[in-house]
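Enquirer: Got protein_7.csv for you, CSV, C-alpha atoms and all ligand atoms:
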chain,number,residue,atom,x,y,z
A,23,MET,CA,-59.3,-108.0,56.3
A,24,ARG,CA,-55.9,-106.5,55.9
A,25,LEU,CA,-54.5,-103.8,58.1
A,26,PHE,CA,-51.7,-101.5,57.1
A,27,LEU,CA,-49.5,-99.3,59.2
A,28,ALA,CA,-49.6,-95.8,57.8
A,29,PRO,CA,-46.6,-93.9,56.7
A,30,MET,CA,-45.8,-91.1,59.1
A,31,GLN,CA,-42.8,-88.9,58.5
A,32,GLY,CA,-40.6,-88.4,61.6
A,33,VAL,CA,-42.7,-90.9,63.6
A,34,VAL,CA,-43.1,-94.3,61.9
A,35,ASP,CA,-39.5,-95.0,61.0
A,36,HIS,CA,-37.7,-98.3,61.1
A,37,PRO,CA,-37.5,-98.8,64.9
A,38,MET,CA,-41.2,-97.9,65.3
A,39,ARG,CA,-42.2,-100.3,62.4
A,40,GLU,CA,-40.2,-103.1,64.1
A,41,MET,CA,-41.9,-102.4,67.4
A,42,LEU,CA,-45.4,-102.2,66.1
A,43,THR,CA,-45.2,-105.1,63.7
A,44,GLY,CA,-43.6,-107.1,66.5
A,45,ILE,CA,-46.8,-106.7,68.5
A,46,GLY,CA,-48.7,-108.0,65.5
A,47,GLY,CA,-51.8,-107.5,63.3
A,48,TYR,CA,-50.2,-105.6,60.4
A,49,ASP,CA,-50.1,-106.9,56.9
A,50,ARG,CA,-47.9,-104.1,55.5
A,51,CYS,CA,-46.0,-101.0,56.4
A,52,VAL,CA,-45.0,-98.0,54.3
A,53,THR,CA,-41.9,-96.0,54.8
A,54,GLU,CA,-41.9,-92.2,55.4
A,55,PHE,CA,-42.0,-90.4,52.1
A,56,ILE,CA,-38.8,-89.8,50.1
A,57,ARG,CA,-39.2,-86.5,48.3
A,58,VAL,CA,-38.0,-86.8,44.7
A,59,THR,CA,-37.1,-83.6,42.8
A,60,ASN,CA,-34.6,-84.0,40.0
A,61,THR,CA,-32.2,-86.7,41.0
A,62,ARG,CA,-31.9,-90.4,41.2
A,63,PHE,CA,-30.9,-91.2,44.8
A,64,PRO,CA,-28.0,-93.4,45.6
A,65,GLU,CA,-28.7,-96.8,47.2
A,66,LYS,CA,-27.8,-95.5,50.7
A,67,VAL,CA,-30.8,-93.1,50.7
A,68,PHE,CA,-33.2,-96.0,50.1
A,69,LYS,CA,-31.5,-98.0,52.8
A,70,ARG,CA,-31.7,-95.1,55.2
A,71,TYR,CA,-35.4,-94.8,54.8
A,72,CYS,CA,-36.0,-98.5,54.6
A,73,PRO,CA,-33.3,-100.4,56.5
A,74,GLU,CA,-35.6,-103.4,56.1
A,75,LEU,CA,-34.0,-103.7,52.5
A,76,LEU,CA,-31.1,-105.3,54.3
A,77,GLN,CA,-33.3,-108.0,55.7
A,78,GLY,CA,-35.4,-108.9,52.6
A,79,GLY,CA,-37.6,-105.8,52.6
A,80,LYS,CA,-39.6,-107.0,55.7
A,81,THR,CA,-39.6,-106.2,59.3
A,82,LEU,CA,-38.3,-108.9,61.6
A,83,ALA,CA,-41.9,-110.0,62.2
A,84,GLY,CA,-42.1,-110.7,58.5
A,85,THR,CA,-44.3,-107.7,57.5
A,86,PRO,CA,-43.4,-106.4,54.0
A,87,VAL,CA,-42.5,-102.7,53.7
A,88,TYR,CA,-43.4,-100.5,50.7
A,89,ILE,CA,-41.2,-97.5,49.9
A,90,GLN,CA,-43.2,-94.3,49.5
A,91,LEU,CA,-42.1,-91.6,47.0
A,92,LEU,CA,-43.5,-88.1,46.8
A,93,GLY,CA,-43.0,-85.6,44.0
A,94,GLY,CA,-44.5,-84.1,40.8
A,95,ASP,CA,-42.0,-85.2,38.1
A,96,PRO,CA,-43.0,-88.5,36.4
A,97,HIS,CA,-39.5,-89.1,35.0
A,98,TRP,CA,-37.6,-88.8,38.3
A,99,LEU,CA,-40.2,-90.6,40.3
A,100,SER,CA,-40.0,-93.5,37.8
A,101,GLN,CA,-36.2,-93.6,38.0
A,102,ASN,CA,-36.3,-93.7,41.8
A,103,ALA,CA,-39.2,-96.2,41.9
A,104,ALA,CA,-37.4,-98.6,39.6
A,105,LYS,CA,-34.3,-98.4,41.7
A,106,ALA,CA,-36.2,-98.9,45.0
A,107,ALA,CA,-37.8,-102.0,43.4
A,108,ARG,CA,-34.5,-103.3,42.2
A,109,LEU,CA,-33.1,-102.9,45.8
A,110,GLY,CA,-35.9,-105.2,47.0
A,111,ALA,CA,-38.8,-103.0,48.0
A,112,HIS,CA,-42.0,-105.1,48.2
A,113,GLY,CA,-43.9,-102.3,46.6
A,114,ILE,CA,-43.8,-98.6,45.7
A,115,ASP,CA,-46.4,-96.3,47.2
A,116,LEU,CA,-47.0,-92.8,45.7
A,117,ASN,CA,-47.9,-90.0,48.1
A,118,PHE,CA,-50.6,-87.6,46.8
A,119,GLY,CA,-51.9,-86.7,50.2
A,120,CYS,CA,-49.2,-84.7,52.0
A,121,PRO,CA,-50.7,-81.4,53.2
A,122,ALA,CA,-47.5,-79.6,54.2
A,123,LYS,CA,-47.2,-76.1,52.6
A,124,ILE,CA,-43.5,-76.5,51.8
A,125,VAL,CA,-44.2,-79.8,50.0
A,126,ASN,CA,-47.2,-78.5,48.1
A,127,ARG,CA,-45.3,-75.3,47.1
A,128,ASN,CA,-42.7,-77.6,45.5
A,129,ASP,CA,-45.2,-79.5,43.4
A,130,GLY,CA,-45.7,-82.5,45.7
A,131,GLY,CA,-48.3,-84.2,47.8
A,132,SER,CA,-51.9,-83.1,47.9
A,133,VAL,CA,-51.6,-80.1,45.6
A,134,LEU,CA,-51.5,-82.6,42.7
A,135,LEU,CA,-55.0,-83.6,43.5
A,136,LYS,CA,-56.1,-80.4,41.8
A,137,GLU,CA,-54.9,-82.0,38.5
A,138,PRO,CA,-56.2,-85.6,38.2
A,139,SER,CA,-54.5,-86.1,34.8
A,140,ARG,CA,-51.0,-85.4,36.3
A,141,VAL,CA,-51.7,-87.9,39.1
A,142,ALA,CA,-52.6,-90.5,36.5
A,143,GLY,CA,-49.6,-89.6,34.4
A,144,ILE,CA,-47.3,-90.1,37.4
A,145,VAL,CA,-48.8,-93.5,38.3
A,146,ARG,CA,-48.6,-94.6,34.7
A,147,ALA,CA,-44.9,-93.6,34.4
A,148,VAL,CA,-44.0,-95.3,37.6
A,149,ARG,CA,-45.9,-98.4,36.8
A,150,ASP,CA,-44.2,-98.6,33.4
A,151,ALA,CA,-40.8,-98.2,34.9
A,152,VAL,CA,-41.1,-100.7,37.8
A,153,ASP,CA,-40.7,-104.5,37.5
A,154,PRO,CA,-44.2,-105.7,36.8
A,155,ALA,CA,-43.9,-108.1,39.8
A,156,VAL,CA,-43.7,-105.2,42.2
A,157,PRO,CA,-47.0,-103.5,43.1
A,158,VAL,CA,-47.4,-99.7,42.6
A,159,THR,CA,-50.0,-98.2,44.9
A,160,ALA,CA,-51.2,-94.7,45.6
A,161,LYS,CA,-52.3,-92.8,48.7
A,162,ILE,CA,-54.6,-89.8,48.3
A,163,ARG,CA,-57.0,-87.6,50.2
A,164,LEU,CA,-60.6,-86.9,49.2
A,165,GLY,CA,-59.4,-83.9,47.3
A,166,PHE,CA,-57.6,-80.6,47.8
A,167,SER,CA,-60.5,-78.3,48.9
A,168,ASP,CA,-63.4,-80.7,48.3
A,169,ALA,CA,-64.2,-84.2,47.0
A,170,SER,CA,-65.5,-83.1,43.6
A,171,LEU,CA,-62.6,-84.6,41.7
A,172,LEU,CA,-62.3,-87.8,43.7
A,173,SER,CA,-64.0,-90.0,41.2
A,174,GLU,CA,-61.8,-88.7,38.3
A,175,ILE,CA,-58.6,-89.0,40.4
A,176,ALA,CA,-59.4,-92.5,41.6
A,177,GLY,CA,-60.5,-93.7,38.1
A,178,GLY,CA,-57.3,-92.3,36.6
A,179,ILE,CA,-55.1,-94.0,39.2
A,180,GLU,CA,-56.8,-97.4,38.5
A,181,ALA,CA,-56.5,-96.9,34.7
A,182,ALA,CA,-52.8,-96.0,35.1
A,183,GLY,CA,-52.2,-99.5,36.5
A,184,ALA,CA,-52.0,-99.0,40.3
A,185,SER,CA,-52.8,-102.2,42.2
A,186,GLU,CA,-54.4,-100.5,45.2
A,187,LEU,CA,-55.6,-97.2,46.3
A,188,CYS,CA,-55.5,-95.9,49.9
A,189,ILE,CA,-57.9,-93.0,50.7
A,190,HIS,CA,-57.4,-90.7,53.7
A,191,ALA,CA,-61.0,-89.7,54.2
A,192,ARG,CA,-60.4,-85.9,54.5
A,193,THR,CA,-59.4,-83.2,52.1
A,194,ARG,CA,-56.2,-81.2,52.2
A,195,GLU,CA,-58.2,-78.3,53.7
A,196,ASP,CA,-59.6,-80.6,56.4
A,197,GLY,CA,-56.0,-81.2,57.6
A,198,TYR,CA,-56.2,-83.7,60.4
A,199,LYS,CA,-59.4,-82.3,62.0
A,200,PRO,CA,-62.0,-84.9,62.9
A,201,PRO,CA,-64.2,-86.3,61.6
A,202,ALA,CA,-63.0,-88.5,58.7
A,203,TYR,CA,-65.6,-88.7,56.0
A,204,TRP,CA,-65.4,-92.5,55.4
A,205,GLN,CA,-68.8,-92.5,53.6
A,206,HIS,CA,-67.2,-90.5,50.7
A,207,ILE,CA,-64.9,-93.4,50.0
A,208,ASN,CA,-67.9,-95.7,49.4
A,209,ALA,CA,-69.1,-94.4,46.0
A,210,VAL,CA,-65.6,-94.3,44.5
A,211,ARG,CA,-64.8,-97.8,45.9
A,212,GLN,CA,-67.8,-99.2,44.0
A,213,GLN,CA,-66.6,-97.6,40.8
A,214,LEU,CA,-63.2,-99.3,41.0
A,215,SER,CA,-62.1,-102.9,40.7
A,216,ILE,CA,-58.8,-102.5,42.5
A,217,PRO,CA,-58.8,-102.8,46.4
A,218,VAL,CA,-59.5,-99.5,48.1
A,219,ILE,CA,-58.1,-99.0,51.6
A,220,ALA,CA,-59.8,-96.6,54.1
A,221,ASN,CA,-57.7,-94.4,56.3
A,222,GLY,CA,-58.3,-91.7,58.9
A,223,GLU,CA,-59.5,-91.4,62.5
A,224,ILE,CA,-59.4,-95.0,63.5
A,225,TRP,CA,-58.5,-95.0,67.2
A,226,ALA,CA,-60.2,-98.0,68.6
A,227,PRO,CA,-61.6,-101.4,67.4
A,228,ALA,CA,-65.1,-99.9,67.3
A,229,ASP,CA,-63.9,-97.1,64.9
A,230,ALA,CA,-62.5,-99.8,62.6
A,231,LEU,CA,-66.0,-101.4,62.3
A,232,GLU,CA,-67.6,-98.1,61.7
A,233,ALA,CA,-65.0,-97.1,59.0
A,234,GLN,CA,-65.6,-100.5,57.3
A,235,ARG,CA,-69.4,-100.0,57.5
A,236,GLN,CA,-69.4,-96.5,56.1
A,237,SER,CA,-66.7,-96.9,53.4
A,238,GLY,CA,-67.6,-100.4,52.4
A,239,CYS,CA,-63.8,-101.3,52.5
A,240,THR,CA,-62.5,-104.3,54.3
A,241,ASP,CA,-58.9,-103.2,54.4
A,242,LEU,CA,-57.9,-100.3,56.6
A,243,MET,CA,-54.8,-98.2,57.3
A,244,LEU,CA,-54.0,-97.1,60.8
A,245,GLY,CA,-52.0,-93.9,61.5
A,246,ARG,CA,-52.0,-92.0,64.8
A,247,GLY,CA,-54.3,-94.7,66.4
A,248,ALA,CA,-51.5,-97.2,65.9
A,249,LEU,CA,-49.2,-95.1,68.1
A,250,ALA,CA,-51.9,-94.3,70.7
A,251,CYS,CA,-52.7,-98.1,71.0
A,252,PRO,CA,-49.7,-100.1,70.1
A,253,ASP,CA,-51.8,-103.3,69.8
A,254,LEU,CA,-54.7,-101.7,67.9
A,255,ALA,CA,-54.2,-103.8,64.8
A,256,ARG,CA,-54.1,-107.0,66.8
A,257,ALA,CA,-57.3,-106.0,68.7
A,258,ILE,CA,-59.1,-105.2,65.5
A,259,LYS,CA,-58.2,-108.6,64.1
A,260,GLN,CA,-59.4,-110.3,67.3
A,261,GLN,CA,-62.7,-108.3,67.0
A,262,ALA,CA,-63.1,-109.6,63.4
A,263,VAL,CA,-63.0,-113.2,64.6
A,264,GLY,CA,-65.5,-112.6,67.3
A,265,VAL,CA,-63.1,-112.2,70.3
A,266,VAL,CA,-63.9,-109.2,72.5
A,267,PRO,CA,-60.9,-107.0,71.9
A,268,GLU,CA,-58.7,-106.2,74.9
A,269,LEU,CA,-56.1,-103.5,74.7
A,270,MET,CA,-52.7,-103.9,76.5
A,271,PRO,CA,-52.5,-102.6,80.0
A,272,TRP,CA,-50.2,-99.5,80.5
A,273,SER,CA,-47.6,-101.6,82.4
A,274,ASP,CA,-47.0,-103.7,79.2
A,275,VAL,CA,-46.9,-100.6,77.0
A,276,LEU,CA,-44.4,-99.1,79.5
A,277,GLU,CA,-42.0,-102.0,79.0
A,278,GLY,CA,-42.1,-101.5,75.2
A,279,LEU,CA,-41.6,-97.8,75.6
A,280,THR,CA,-38.6,-98.3,77.9
A,281,ASP,CA,-37.0,-100.7,75.3
A,282,PHE,CA,-37.7,-98.1,72.6
A,283,PHE,CA,-36.0,-95.4,74.6
A,284,GLU,CA,-33.0,-97.6,75.3
A,285,ASN,CA,-32.6,-99.0,71.9
A,286,ALA,CA,-34.0,-96.5,69.4
A,287,ASP,CA,-34.0,-93.0,70.9
A,288,GLN,CA,-30.5,-91.9,71.5
A,289,PRO,CA,-29.3,-90.8,68.1
A,290,CYS,CA,-27.3,-87.8,69.3
A,291,PRO,CA,-27.0,-86.1,72.7
A,292,LYS,CA,-29.1,-83.1,71.7
A,293,TYR,CA,-32.1,-85.2,70.9
A,294,ILE,CA,-32.1,-87.8,73.6
A,295,GLY,CA,-35.6,-88.6,74.6
A,296,ASN,CA,-37.3,-86.7,71.8
A,297,ARG,CA,-38.8,-89.8,70.1
A,298,THR,CA,-40.0,-91.2,73.4
A,299,LYS,CA,-41.7,-87.9,74.3
A,300,GLN,CA,-43.2,-87.8,70.8
A,301,TRP,CA,-44.6,-91.3,71.2
A,302,LEU,CA,-45.9,-90.5,74.7
A,303,SER,CA,-47.8,-87.5,73.2
A,304,TYR,CA,-49.8,-90.1,71.1
A,305,LEU,CA,-50.0,-92.7,74.0
A,306,ARG,CA,-51.5,-90.2,76.4
A,307,ARG,CA,-54.6,-90.0,74.3
A,308,GLN,CA,-55.3,-93.6,75.4
A,309,TYR,CA,-53.4,-94.1,78.7
A,310,PRO,CA,-53.6,-91.8,81.7
A,311,GLY,CA,-50.2,-93.3,82.7
A,312,ALA,CA,-48.6,-91.9,79.6
A,313,GLU,CA,-49.7,-88.4,80.6
A,314,LEU,CA,-48.1,-88.9,84.0
A,315,LEU,CA,-44.9,-90.2,82.5
A,316,PHE,CA,-44.8,-87.4,79.9
A,317,GLN,CA,-45.1,-84.8,82.7
A,318,ARG,CA,-42.2,-86.5,84.5
A,319,ILE,CA,-39.8,-86.6,81.5
A,320,LYS,CA,-40.8,-83.6,79.3
A,321,ARG,CA,-37.9,-81.4,80.4
A,322,LEU,CA,-35.3,-84.1,80.9
A,323,GLY,CA,-32.5,-84.6,78.4
A,324,THR,CA,-30.1,-87.3,79.6
A,325,VAL,CA,-30.3,-91.0,79.5
A,326,ALA,CA,-29.7,-91.4,83.3
A,327,GLU,CA,-32.4,-88.8,84.2
A,328,ILE,CA,-35.0,-90.3,81.9
A,329,LEU,CA,-34.4,-93.9,83.0
A,330,ALA,CA,-34.6,-92.7,86.7
A,331,ALA,CA,-37.9,-90.9,85.9
A,332,ILE,CA,-39.3,-94.1,84.3
A,333,ASP,CA,-38.3,-96.0,87.4
A,334,THR,CA,-40.0,-93.5,89.6
A,335,HIS,CA,-43.1,-93.6,87.4
A,336,ARG,CA,-43.1,-97.4,87.6
A,337,SER,CA,-42.9,-97.5,91.4
A,338,LEU,CA,-45.1,-94.4,92.2
A,339,ASP,CA,-47.6,-93.7,89.4
A,340,VAL,CA,-48.2,-97.2,88.0
A,341,GLU,CA,-49.1,-98.5,91.5
A,342,ALA,CA,-51.5,-95.6,92.0
A,343,LEU,CA,-53.3,-95.9,88.6
B,401,LIG,C1,-46.9,-86.7,61.8
B,401,LIG,C2,-47.5,-87.3,60.6
B,401,LIG,C3,-46.7,-87.7,59.5
B,401,LIG,C4,-47.2,-88.2,58.4
B,401,LIG,N1,-46.4,-88.6,57.3
B,401,LIG,C5,-46.9,-89.1,56.2
B,401,LIG,C6,-46.1,-89.6,55.2
B,401,LIG,O1,-44.9,-89.6,55.2
B,401,LIG,N2,-46.7,-90.1,54.0
B,401,LIG,C7,-48.1,-90.2,54.0
B,401,LIG,O2,-48.6,-90.7,52.9
B,401,LIG,N3,-48.9,-89.8,54.9
B,401,LIG,C8,-48.4,-89.3,56.1
B,401,LIG,N4,-49.2,-88.9,57.1
B,401,LIG,C9,-50.6,-89.2,57.0
B,401,LIG,C10,-51.0,-90.5,57.6
B,401,LIG,O3,-50.4,-91.6,56.9
B,401,LIG,C11,-52.5,-90.8,57.7
B,401,LIG,O4,-53.0,-90.7,56.3
B,401,LIG,C12,-53.2,-89.7,58.5
B,401,LIG,O5,-52.5,-89.5,59.7
B,401,LIG,C13,-54.6,-90.1,58.7
B,401,LIG,O6,-54.7,-91.3,59.4
B,401,LIG,P1,-55.0,-91.4,61.0
B,401,LIG,O7,-56.2,-90.5,61.3
B,401,LIG,O8,-55.2,-92.8,61.3
B,401,LIG,O9,-53.8,-90.8,61.7
B,401,LIG,C14,-48.7,-88.4,58.2
B,401,LIG,C15,-49.5,-88.0,59.3
B,401,LIG,C16,-48.9,-87.5,60.5
B,401,LIG,C17,-49.8,-87.1,61.6
In structure tokens, how does this file's structure come out?
Ligand SMILES: Cc1cc2nc3c(=O)[nH]c(=O)nc-3n(C[C@H](O)[C@H](O)[C@H](O)COP(=O)(O)O)c2cc1C
Expert:
Amino acid sequence: MRLFLAPMQGVVDHPMREMLTGIGGYDRCVTEFIRVTNTRFPEKVFKRYCPELLQGGKTLAGTPVYIQLLGGDPHWLSQNAAKAARLGAHGIDLNFGCPAKIVNRNDGGSVLLKEPSRVAGIVRAVRDAVDPAVPVTAKIRLGFSDASLLSEIAGGIEAAGASELCIHARTREDGYKPPAYWQHINAVRQQLSIPVIANGEIWAPADALEAQRQSGCTDLMLGRGALACPDLARAIKQQAVGVVPELMPWSDVLEGLTDFFENADQPCPKYIGNRTKQWLSYLRRQYPGAELLFQRIKRLGTVAEILAAIDTHRSLDVEAL
């Protein structure tokens, strides 16, 4: 079984990838999407999205990082993909799943799922342009409004030369509403010979088993669940070898969160604490302690105030939990 950390714009950036892959269990990460219109980006753009390029394209834990591109123009996507590969990306992932209106209005993301031949054309152009040693993969949803084109989309992606296909088991219209329809992946998986990766709504080791059962996929991609449970991938892998999975206690997560705040969350005075609050908003789904800490820091905006609140939380709330 392979587990992939999902790309999440504004959330799963370099510090978050380092933190989560440092805990373990992940076989691959994907950067946030780089939106391509009609330019070939300079090197610094790829290095901004993927600072791992400076360390061999892997996180410090050794997990390879693919660069994700999004757009509707095969020419410019190929140009940028070839450049990312030359800079050392371990793979190029193409985003055909983004539901954002602004992105869809500009001919990118899930809107392309309405036109399977365009999706295939993009994959083919990118595949042809990129060094054959570098994998090109695609990430899709079940469809735009329904799953009626799924088989055609997936078949086209395989025929165009993609090495793997990740399917987020919801349509664009489903947004992020539960459930994820893992069973819809199964038929299309059987039709393809490339590996298919199931994604969506995996929050706990038991969900991973159920996603595998319904989709028939062995490989999974974890998104929001990876943020709610920082050791989810490790726990899923333990479960796979027969060990009863145990998730980290809140006191351990809190140490990681404090490090994250101190080292990765002070980009400019206006935004101090925002990334930590954002991460807490995922963690509180799993940990009551995260909710308590979120309430303590949500209106604070200086390093000193937030560190003091974390200390208070540690001495008052954590004891009481
Ligand atoms: C805040 C946020 C940002 C996302 N950004 C991206 C992205 O940049 N590229 C992408 O392919 N998917 C993106 N996604 C979708 C996730 O990769 C994933 O497919 C989706 O969240 C479903 O998985 P989950 O239920 O495990 O979270 C994003 C999702 C969220 C919630």
Enquirer: Could you report the residues within 7 Å of ligand LIG 401 (chain B), using all atoms listed in the file, as a list in words?
Expert: Ala28, Pro29, Met30, Gln31, Gly32, Val33, Glu54, Phe55, Asn117, Gly119, Cys120, Lys161, His190, Tyr198, Asn221, Gly222, Glu223, Ile224, Met243, Leu244, Gly245, Arg246 and Gly247 of chain A
Enquirer: Contacts between range 97-106 of chain A and range 139-199 of chain A, please, where a residue of range 139-199 of chain A counts if it comes within 9 Å (with only C-alpha atoms); show its shortest atom pair and distance in Å to one decimal, rows by chain and ascending number, as JSON lines.
Expert:
{"residue": "A:Ile144", "atom": "CA", "partner": "A:Leu99", "partner_atom": "CA", "distance": 7.7}
{"residue": "A:Val145", "atom": "CA", "partner": "A:Ser100", "partner_atom": "CA", "distance": 8.8}
{"residue": "A:Ala147", "atom": "CA", "partner": "A:Ser100", "partner_atom": "CA", "distance": 6.0}
{"residue": "A:Val148", "atom": "CA", "partner": "A:Ser100", "partner_atom": "CA", "distance": 4.4}
{"residue": "A:Arg149", "atom": "CA", "partner": "A:Ser100", "partner_atom": "CA", "distance": 7.7}
{"residue": "A:Asp150", "atom": "CA", "partner": "A:Ser100", "partner_atom": "CA", "distance": 7.9}
{"residue": "A:Ala151", "atom": "CA", "partner": "A:Ser100", "partner_atom": "CA", "distance": 5.6}
{"residue": "A:Val152", "atom": "CA", "partner": "A:Ala104", "partner_atom": "CA", "distance": 4.6}
{"residue": "A:Asp153", "atom": "CA", "partner": "A:Ala104", "partner_atom": "CA", "distance": 7.1}
{"residue": "A:Val158", "atom": "CA", "partner": "A:Ala103", "partner_atom": "CA", "distance": 8.9}
Enquirer: For Leu25 in chain A, find every residue with an atom within 7 Å (counting all atoms listed in the file), except residues of its own chain fewer than 5 positions away, and show them as a PyMOL selection string.
Expert: chain A and resi 47-49+241-243+255
Enquirer: Counting only C-alpha atoms, figure out which residue out of A:Leu171, A:Ile124, A:Val325, A:Ala342 gets nearest to Phe283 in chain A.
Expert: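 Comparing A:Leu171, A:Ile124, A:Val325, A:Ala342 against Phe283 in chain A, the winner is A:Val325.
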Enquirer: Between CA of Thr159 in chain A and CA of Ser185 in chain A, what is the spacing in Å?
Expert: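 Computed distance, CA of Ser185 in chain A to CA of Thr159 in chain A, equals 5.6 Å.
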Enquirer: Give me, as a PyMOL selection string, all polymer residues having an atom no more than 12 Å from Arg127 in chain A, counting all atoms listed in the file and skipping those fewer than 6 positions away in the same chain.
Expert: chain A and resi 93-94+120-121+133-134
